[in-house]
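Next comes run-v8.txt, a file with compact mmCIF, C-alpha atoms.
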```
# COMPACT_ATOMS: atom_id res chain seq x y z
CA GLN A 1 0.00 0.00 0.00
CA GLU A 2 2.81 2.41 0.82
CA GLU A 3 4.64 1.48 -2.39
CA LEU A 4 1.56 2.26 -4.48
CA ARG A 5 1.14 5.72 -2.94
CA LEU A 6 4.76 6.67 -3.63
CA ILE A 7 4.79 5.90 -7.36
CA PRO A 8 5.66 9.08 -9.33
CA GLY A 9 2.76 10.72 -11.12
CA THR A 10 0.01 9.43 -8.80
CA GLN A 11 -0.03 12.45 -6.42
CA GLY A 12 -0.21 10.00 -3.53
CA ASP A 13 -3.39 8.37 -4.81
CA ALA A 14 -2.85 4.62 -5.09
CA LEU A 15 -5.75 4.04 -7.50
CA LYS A 16 -4.15 6.36 -10.06
CA VAL A 17 -1.40 3.77 -10.53
CA VAL A 18 -3.85 1.84 -12.74
CA GLN A 19 -3.40 4.53 -15.40
CA ASN A 20 0.30 3.60 -15.64
CA LEU A 21 -0.18 -0.13 -16.17
CA PRO A 22 0.18 -2.01 -19.49
CA GLY A 23 -2.92 -1.99 -21.67
CA VAL A 24 -4.30 1.28 -20.27
CA ALA A 25 -4.36 4.35 -22.53
CA ARG A 26 -4.01 7.87 -21.17
CA SER A 27 -7.37 9.64 -21.27
CA PRO A 28 -7.45 13.15 -22.81
CA PHE A 29 -6.61 16.06 -20.49
CA GLY A 30 -6.03 13.60 -17.62
CA ILE A 31 -9.76 13.38 -16.84
CA GLY A 32 -9.37 9.94 -15.25
CA LEU A 33 -11.19 7.66 -17.70
CA LEU A 34 -9.84 4.11 -17.95
CA VAL A 35 -9.44 3.08 -21.58
CA VAL A 36 -8.27 -0.54 -21.41
CA ARG A 37 -7.17 -2.27 -24.62
CA GLY A 38 -9.28 0.11 -26.69
CA SER A 39 -12.56 -0.59 -24.89
CA LYS A 40 -14.95 2.15 -23.81
CA PRO A 41 -14.37 3.56 -20.29
CA TRP A 42 -17.69 2.16 -19.01
CA ASP A 43 -16.69 -1.33 -20.18
CA THR A 44 -14.05 -1.45 -17.44
CA ARG A 45 -15.53 -2.17 -14.03
CA VAL A 46 -14.20 -1.11 -10.64
CA TYR A 47 -14.91 -3.01 -7.43
CA ILE A 48 -14.05 -2.00 -3.87
CA ASP A 49 -14.24 -5.02 -1.56
CA GLY A 50 -16.52 -6.64 -4.13
CA ALA A 51 -18.91 -3.66 -4.38
CA LEU A 52 -19.28 -2.18 -7.85
CA VAL A 53 -18.62 1.57 -7.97
CA PRO A 54 -19.73 3.58 -11.03
CA LEU A 55 -17.11 6.33 -10.77
CA LEU A 56 -13.43 5.77 -9.98
CA PHE A 57 -12.19 9.38 -10.16
CA HIS A 58 -13.67 12.76 -9.30
CA PHE A 59 -14.08 15.49 -11.92
CA GLY A 60 -10.79 16.18 -13.66
CA GLY A 61 -9.24 12.90 -12.51
CA LEU A 62 -7.45 14.60 -9.59
CA TYR A 63 -8.30 12.01 -6.94
CA ALA A 64 -10.14 8.73 -6.66
CA THR A 65 -13.60 8.66 -5.11
CA PHE A 66 -12.30 6.28 -2.40
CA ASN A 67 -9.48 7.21 -0.03
CA SER A 68 -6.48 5.12 -1.09
CA ASN A 69 -4.99 5.34 2.43
CA LEU A 70 -7.62 2.77 3.44
CA LEU A 71 -6.59 0.24 0.80
CA GLN A 72 -4.54 -2.90 1.28
CA GLU A 73 -4.00 -3.88 -2.34
CA ILE A 74 -5.15 -3.28 -5.89
CA ASN A 75 -5.60 -6.00 -8.52
CA PHE A 76 -5.81 -5.00 -12.18
CA GLN A 77 -6.60 -7.30 -15.08
CA ALA A 78 -6.71 -5.94 -18.61
CA GLY A 79 -8.69 -9.01 -19.72
CA ASN A 80 -9.19 -12.75 -19.20
CA PHE A 81 -10.63 -12.34 -15.70
CA GLY A 82 -12.73 -15.09 -14.14
CA VAL A 83 -16.41 -15.73 -14.68
CA GLU A 84 -17.30 -14.26 -11.27
CA TRP A 85 -16.62 -10.83 -12.81
CA GLY A 86 -18.84 -11.41 -15.83
CA ARG A 87 -20.59 -8.81 -17.98
CA ASN A 88 -17.30 -6.95 -18.46
CA ILE A 89 -15.68 -6.64 -21.86
CA GLY A 90 -12.96 -4.15 -20.86
CA GLY A 91 -10.70 -4.39 -17.84
CA LEU A 92 -11.15 -5.13 -14.14
CA VAL A 93 -9.96 -3.09 -11.16
CA GLU A 94 -10.40 -4.79 -7.79
CA ALA A 95 -9.40 -2.86 -4.64
CA THR A 96 -9.26 -4.46 -1.19
CA VAL A 97 -9.74 -2.40 1.98
CA ARG A 98 -7.40 -3.08 4.88
CA THR A 99 -8.29 -3.74 8.52
CA PRO A 100 -8.29 -0.47 10.54
CA SER A 101 -5.53 -0.09 13.09
CA GLN A 102 -5.88 -2.23 16.22
CA SER A 103 -2.72 -0.87 17.87
CA GLY A 104 -3.61 2.72 18.71
CA TYR A 105 -5.22 5.77 17.19
CA HIS A 106 -3.80 7.22 14.00
CA GLY A 107 -4.89 9.74 11.43
CA TYR A 108 -4.04 12.79 9.38
CA ALA A 109 -5.47 16.09 8.15
CA ASP A 110 -4.51 17.49 4.76
CA LEU A 111 -5.38 21.00 3.56
CA ASN A 112 -4.25 22.25 0.14
CA VAL A 113 -5.47 24.61 -2.57
CA VAL A 114 -7.58 21.89 -4.21
CA ASP A 115 -9.31 20.17 -1.28
CA GLY A 116 -9.21 19.18 2.37
CA SER A 117 -9.26 15.65 3.75
CA LEU A 118 -8.94 13.85 7.05
CA LEU A 119 -8.73 10.30 8.35
CA ILE A 120 -8.87 8.75 11.80
CA GLU A 121 -8.68 5.09 12.80
CA GLY A 122 -8.14 2.98 15.88
CA PRO A 123 -9.49 0.28 18.20
CA ILE A 124 -12.99 0.45 19.70
CA ALA A 125 -13.41 -2.45 22.13
CA GLY A 126 -12.53 -6.10 22.15
CA ASN A 127 -11.55 -7.11 18.65
CA TRP A 128 -13.33 -4.20 16.96
CA SER A 129 -11.64 -1.29 15.22
CA PHE A 130 -12.85 1.57 13.05
CA ALA A 131 -11.77 4.01 10.36
CA ALA A 132 -13.47 7.21 9.17
CA SER A 133 -12.40 9.44 6.31
CA ALA A 134 -13.77 12.38 4.28
CA ARG A 135 -12.58 14.70 1.49
CA ARG A 136 -14.12 18.00 0.30
CA SER A 137 -12.93 20.16 -2.59
CA TRP A 138 -12.42 23.94 -2.41
CA ILE A 139 -12.66 24.49 -6.16
CA ASP A 140 -16.24 25.80 -5.93
CA ILE A 141 -14.97 28.50 -3.54
CA LEU A 142 -11.65 29.40 -5.15
CA LEU A 143 -12.68 29.35 -8.84
CA PRO A 144 -15.47 31.98 -8.67
CA TRP A 145 -13.28 34.11 -6.39
CA GLY A 146 -10.31 33.82 -8.75
CA LEU A 147 -12.38 34.72 -11.82
CA ALA A 148 -13.99 37.71 -10.08
CA THR A 149 -10.65 38.95 -8.73
CA PHE A 150 -8.31 38.49 -11.66
CA PHE A 151 -10.75 38.38 -14.59
CA PRO A 152 -13.68 40.64 -13.61
CA GLU A 153 -14.84 40.88 -17.23
CA SER A 154 -15.51 37.11 -17.22
CA LYS A 155 -18.82 37.67 -15.40
CA ASP A 156 -20.30 38.77 -18.73
CA VAL A 157 -19.21 35.54 -20.42
CA LEU A 158 -19.45 32.77 -17.86
CA SER A 159 -20.61 32.41 -14.27
CA PHE A 160 -20.90 29.46 -11.92
CA THR A 161 -23.91 28.79 -9.74
CA VAL A 162 -22.21 25.60 -8.55
CA ALA A 163 -18.54 25.48 -9.48
CA PRO A 164 -16.89 22.06 -9.87
CA SER A 165 -17.08 20.44 -6.46
CA TYR A 166 -16.62 16.94 -5.10
CA PHE A 167 -17.05 15.17 -1.80
CA ASP A 168 -16.39 11.60 -0.69
CA TRP A 169 -16.58 9.77 2.61
CA GLN A 170 -15.83 6.35 4.10
CA VAL A 171 -16.72 4.77 7.47
CA ARG A 172 -15.71 1.23 8.40
CA ALA A 173 -16.13 -0.94 11.52
CA GLU A 174 -14.40 -4.32 11.57
CA TRP A 175 -14.20 -7.27 13.92
CA LYS A 176 -11.03 -9.32 13.61
CA PRO A 177 -9.42 -11.36 16.41
CA LYS A 178 -5.69 -10.80 16.52
CA GLY A 179 -4.01 -13.78 14.92
CA GLY A 180 -7.39 -15.19 13.95
CA GLN A 181 -8.54 -16.22 10.50
CA ARG A 182 -11.99 -14.70 10.58
CA ARG A 183 -13.24 -11.16 10.14
CA PHE A 184 -16.54 -9.31 9.82
CA PHE A 185 -16.94 -5.73 8.65
CA VAL A 186 -19.49 -3.09 7.76
CA THR A 187 -18.49 -0.26 5.42
CA LEU A 188 -20.40 2.87 4.42
CA PHE A 189 -18.93 4.97 1.63
CA GLY A 190 -20.01 7.35 -1.09
CA SER A 191 -19.10 10.11 -3.49
CA SER A 192 -20.69 13.24 -4.95
CA ASP A 193 -19.58 15.39 -7.91
CA ALA A 194 -21.49 18.49 -9.04
CA LEU A 195 -21.05 21.22 -11.65
CA LYS A 196 -23.39 23.95 -12.88
CA LEU A 197 -22.46 26.93 -15.02
CA VAL A 198 -24.44 29.75 -16.61
CA LEU A 199 -23.94 31.73 -19.82
CA PRO A 200 -25.23 35.20 -18.88
CA ASN A 201 -24.48 36.71 -22.33
CA PRO A 202 -27.33 35.95 -24.79
CA ALA A 203 -24.95 36.41 -27.73
CA LEU A 204 -23.08 33.29 -26.58
CA ASP A 205 -26.28 31.33 -26.12
CA PRO A 206 -28.37 31.65 -29.30
CA GLU A 207 -30.68 28.77 -28.31
CA GLY A 208 -31.51 30.41 -25.01
CA ARG A 209 -30.66 27.46 -22.82
CA GLY A 210 -28.35 29.51 -20.65
CA GLU A 211 -26.97 26.82 -18.36
CA PHE A 212 -25.28 23.46 -18.20
CA GLY A 213 -24.98 21.18 -15.21
CA THR A 214 -24.09 17.67 -14.19
CA SER A 215 -24.24 15.70 -10.95
CA ILE A 216 -22.99 12.19 -10.19
CA VAL A 217 -23.67 10.62 -6.79
CA TYR A 218 -23.26 7.10 -5.43
CA ASN A 219 -23.53 5.59 -1.95
CA ARG A 220 -22.84 2.07 -0.74
CA LEU A 221 -23.58 -0.03 2.36
CA LEU A 222 -21.30 -3.08 2.31
CA ILE A 223 -21.25 -6.07 4.67
CA GLY A 224 -18.44 -8.62 4.46
CA PHE A 225 -17.36 -11.81 6.18
CA ASP A 226 -14.23 -13.93 5.71
CA ALA A 227 -13.44 -17.22 7.42
CA ARG A 228 -11.06 -20.12 7.00
CA LEU A 229 -13.27 -23.14 7.59
CA SER A 230 -10.38 -25.59 7.50
CA GLU A 231 -6.78 -25.73 6.38
CA ALA A 232 -7.93 -26.25 2.80
CA VAL A 233 -11.24 -24.32 2.64
CA ALA A 234 -11.79 -20.57 2.85
CA PHE A 235 -15.13 -18.73 2.65
CA SER A 236 -15.80 -15.15 1.61
CA SER A 237 -19.05 -13.18 1.53
CA ARG A 238 -19.73 -9.65 0.24
CA THR A 239 -23.21 -8.11 0.20
CA PHE A 240 -23.96 -4.51 -0.68
CA ALA A 241 -26.85 -2.18 -1.43
CA GLY A 242 -26.64 1.35 -2.72
CA ILE A 243 -28.01 4.20 -4.77
CA ASP A 244 -26.61 5.81 -7.91
CA ALA A 245 -27.94 9.14 -9.18
CA LEU A 246 -27.00 10.87 -12.44
CA VAL A 247 -28.27 14.27 -13.60
CA ILE A 248 -27.29 16.11 -16.79
CA THR A 249 -29.02 19.38 -17.68
CA GLY A 250 -28.74 21.69 -20.67
CA GLY A 251 -31.42 24.21 -19.80
CA SER A 252 -34.89 23.71 -18.38
CA ASP A 253 -36.12 21.64 -21.34
CA LEU A 254 -33.09 19.44 -22.04
CA TYR A 255 -32.05 17.06 -19.30
CA ALA A 256 -31.38 13.46 -18.33
CA ARG A 257 -32.00 12.08 -14.86
CA GLY A 258 -31.56 8.54 -13.71
CA ASN A 259 -31.53 6.64 -10.41
CA GLN A 260 -30.41 3.08 -9.78
CA TRP A 261 -30.55 1.01 -6.60
CA PRO A 262 -28.01 -1.80 -7.06
CA VAL A 263 -28.12 -4.81 -4.74
CA SER A 264 -25.56 -7.58 -4.95
CA SER A 265 -24.31 -10.54 -2.94
CA ARG A 266 -21.19 -12.59 -3.66
CA ASN A 267 -20.50 -15.75 -1.66
CA ALA A 268 -17.55 -17.93 -2.59
CA PHE A 269 -15.52 -20.91 -1.41
CA ALA A 270 -11.85 -21.38 -2.25
CA ILE A 271 -10.73 -25.00 -1.91
CA ASP A 272 -7.02 -25.70 -1.96
CA LEU A 273 -6.27 -28.94 -3.81
CA ALA A 274 -2.70 -29.13 -2.57
CA LYS A 275 -1.83 -32.49 -4.12
CA LEU A 276 -2.77 -31.13 -7.56
CA ASN A 277 -1.29 -27.67 -7.02
CA LEU A 278 -4.73 -26.25 -7.84
CA THR A 279 -7.34 -24.06 -6.18
CA LEU A 280 -11.02 -24.71 -6.90
CA ASN A 281 -13.27 -21.62 -6.67
CA ALA A 282 -17.02 -22.05 -6.40
CA GLY A 283 -19.65 -19.50 -5.49
CA LEU A 284 -22.98 -17.82 -6.08
```

Could the structure of this file be written out as structure tokens, please?
Amino acid sequence: QEELRLIPGTQGDALKVVQNLPGVARSPFGIGLLVVRGSKPWDTRVYIDGALVPLLFHFGGLYATFNSNLLQEINFQAGNFGVEWGRNIGGLVEATVRTPSQSGYHGYADLNVVDGSLLIEGPIAGNWSFAASARRSWIDILLPWGLATFFPESKDVLSFTVAPSYFDWQVRAEWKPKGGQRRFFVTLFGSSDALKLVLPNPALDPEGRGEFGTSIVYNRLLIGFDARLSEAVAFSSRTFAGIDALVITGGSDLYARGNQWPVSSRNAFAIDLAKLNLTLNAGL
């Protein structure tokens, strides 16, 4: 996890390392789209602890919508992934969240010109520990101020009612006996990106629409359980429910709005056939 965050060009965001891997093309203007082996960006699916997320990066591709400081590892496959990840024809990104600290309280606060973020983690009681994290951009505050201060004439050309802004959050509680081979966790996480701009000059807006906006929101409730049932058999369960909301507007009469409520459960056994040097995976 530390190695991933320190790779040059990722700005400390481990998930951005996927853009550097073989088979992935650089998206235009660094906007964070994953173009894997020539497939469309939406043909590559991203899973966090088995939960499908519809948006990997915030607007502009600056940061991922999930705090990479909470991750344990990232698996990337440009193709030929197993049948359990069906319905994909592009690539596969699978991120695994680590167990929060059980050996004391840790955290950080980061304030910069783009956004502010914080994280805190530590033990609760018994074998329970927790982690909480949030990030909020300042672009919607700094951009209108910068335009009004240094380019006052821009108010006649373009104005923002909601400048580009993003917000993401993660909360996790996990039970894991020290040295044990079982764990149970509940994770809540989500992301919100919004943008709305107005063309106040009618000469620049001959059709009279006057505004453009977009909003992408997703939230997830994820429950997971891992156990080693015997020396040769391991069990894993991931169940999540969520809501995805997409809004695109081009004036009062041109818009697209859509809501989805995904529900998914993955339950799998991994059986180690040691004498054959094989592992048999079976699940539903």

Counting all atoms listed in the file, which residues of range 3-75 of chain A sit at most 10 Å from some atom of range 234-249 of chain A, and what is each one's closest atom pair with its distance in Å to one decimal, listed by chain and rising residue number, as a Markdown table?
```
| residue | atom | partner | partner_atom | distance |
| --- | --- | --- | --- | --- |
| A:Asp49 | CA | A:Arg238 | CA | 7.4 |
| A:Gly50 | CA | A:Arg238 | CA | 6.2 |
| A:Ala51 | CA | A:Phe240 | CA | 6.3 |
| A:Leu52 | CA | A:Phe240 | CA | 8.9 |
| A:Val53 | CA | A:Asp244 | CA | 9.0 |
| A:Pro54 | CA | A:Asp244 | CA | 7.9 |
| A:Leu55 | CA | A:Asp244 | CA | 9.9 |
```

| request: Point out the residue among A:Phe57, A:Trp138, A:Phe269, A:Trp261 with the least atom-to-atom distance to Ser230 in chain A, counting only C-alpha atoms. | output: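 Counting only C-alpha atoms, the residue closest to Ser230 in chain A is A:Phe269.
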
| message | Restricting the calculation to all atoms listed in the file: of A:Ser103, A:Thr65, A:Val97, A:Glu84, which residue gets closest to Asn267 in chain A? | response | A:Glu84

| message | Quick check, in Å to one decimal: how far apart do CA of Ala25 in chain A and CA of Leu71 in chain A lie? | response | 23.8 Å

| Hey, can you check how far CA of Gln102 in chain A sits from CA of Ser129 in chain A? |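 Separation of CA of Gln102 in chain A and CA of Ser129 in chain A: 5.9 Å.
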
| A:Gly126, A:Gly258, A:Gly180, A:Gly32 ranked by distance to Thr10 in chain A, top pick (using all atoms listed in the file) |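 Counting all atoms listed in the file, the residue closest to Thr10 in chain A is A:Gly32.
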
| All residues 6 Å or closer to Ala134 in chain A, all atoms listed in the file, same chain fewer than 4 positions away omitted, as JSON, numbers by chain | {"A": [117, 118, 168, 169]}

| task | Go ahead and find all residues with at least one atom no further than 10 Å from (-12.5, -21.8, -3.6) in the file's coordinates, using only C-alpha atoms; report them as an MDAnalysis selection string. | result | chainID A and resid 232:236 268:273 278:283

| task | Might you pull out every residue within 10 Å of Ser133 in chain A, with only C-alpha atoms counted and same-chain residues fewer than 2 positions away left off, and present them as a list in words? | result | Phe66, Asn67, Asn69, Leu70, Gly107, Tyr108, Ala109, Ser117, Leu118, Leu119, Ile120, Glu121, Ala131, Arg135, Asp168, Trp169, Gln170, Val171, Arg172 and Phe189 of chain A

| Which residues, written as a VMD selection string, have at least one atom at most 8 Å from Trp175 in chain A, with all atoms listed in the file counted and residues fewer than 4 positions away on the same chain left out? | chain A and resid 127 to 129 183 to 185

| remark: Restricting to all atoms listed in the file, whichever of A:Arg257, A:Lys275, A:His106, A:Arg220 is closest to Tyr47 in chain A is A:Arg220

| request: Determine the nearest neighbour of Gln72 in chain A from the options A:Gly122, A:Gly116, A:Gly251, A:Pro100, counting only C-alpha atoms. | output: A:Pro100
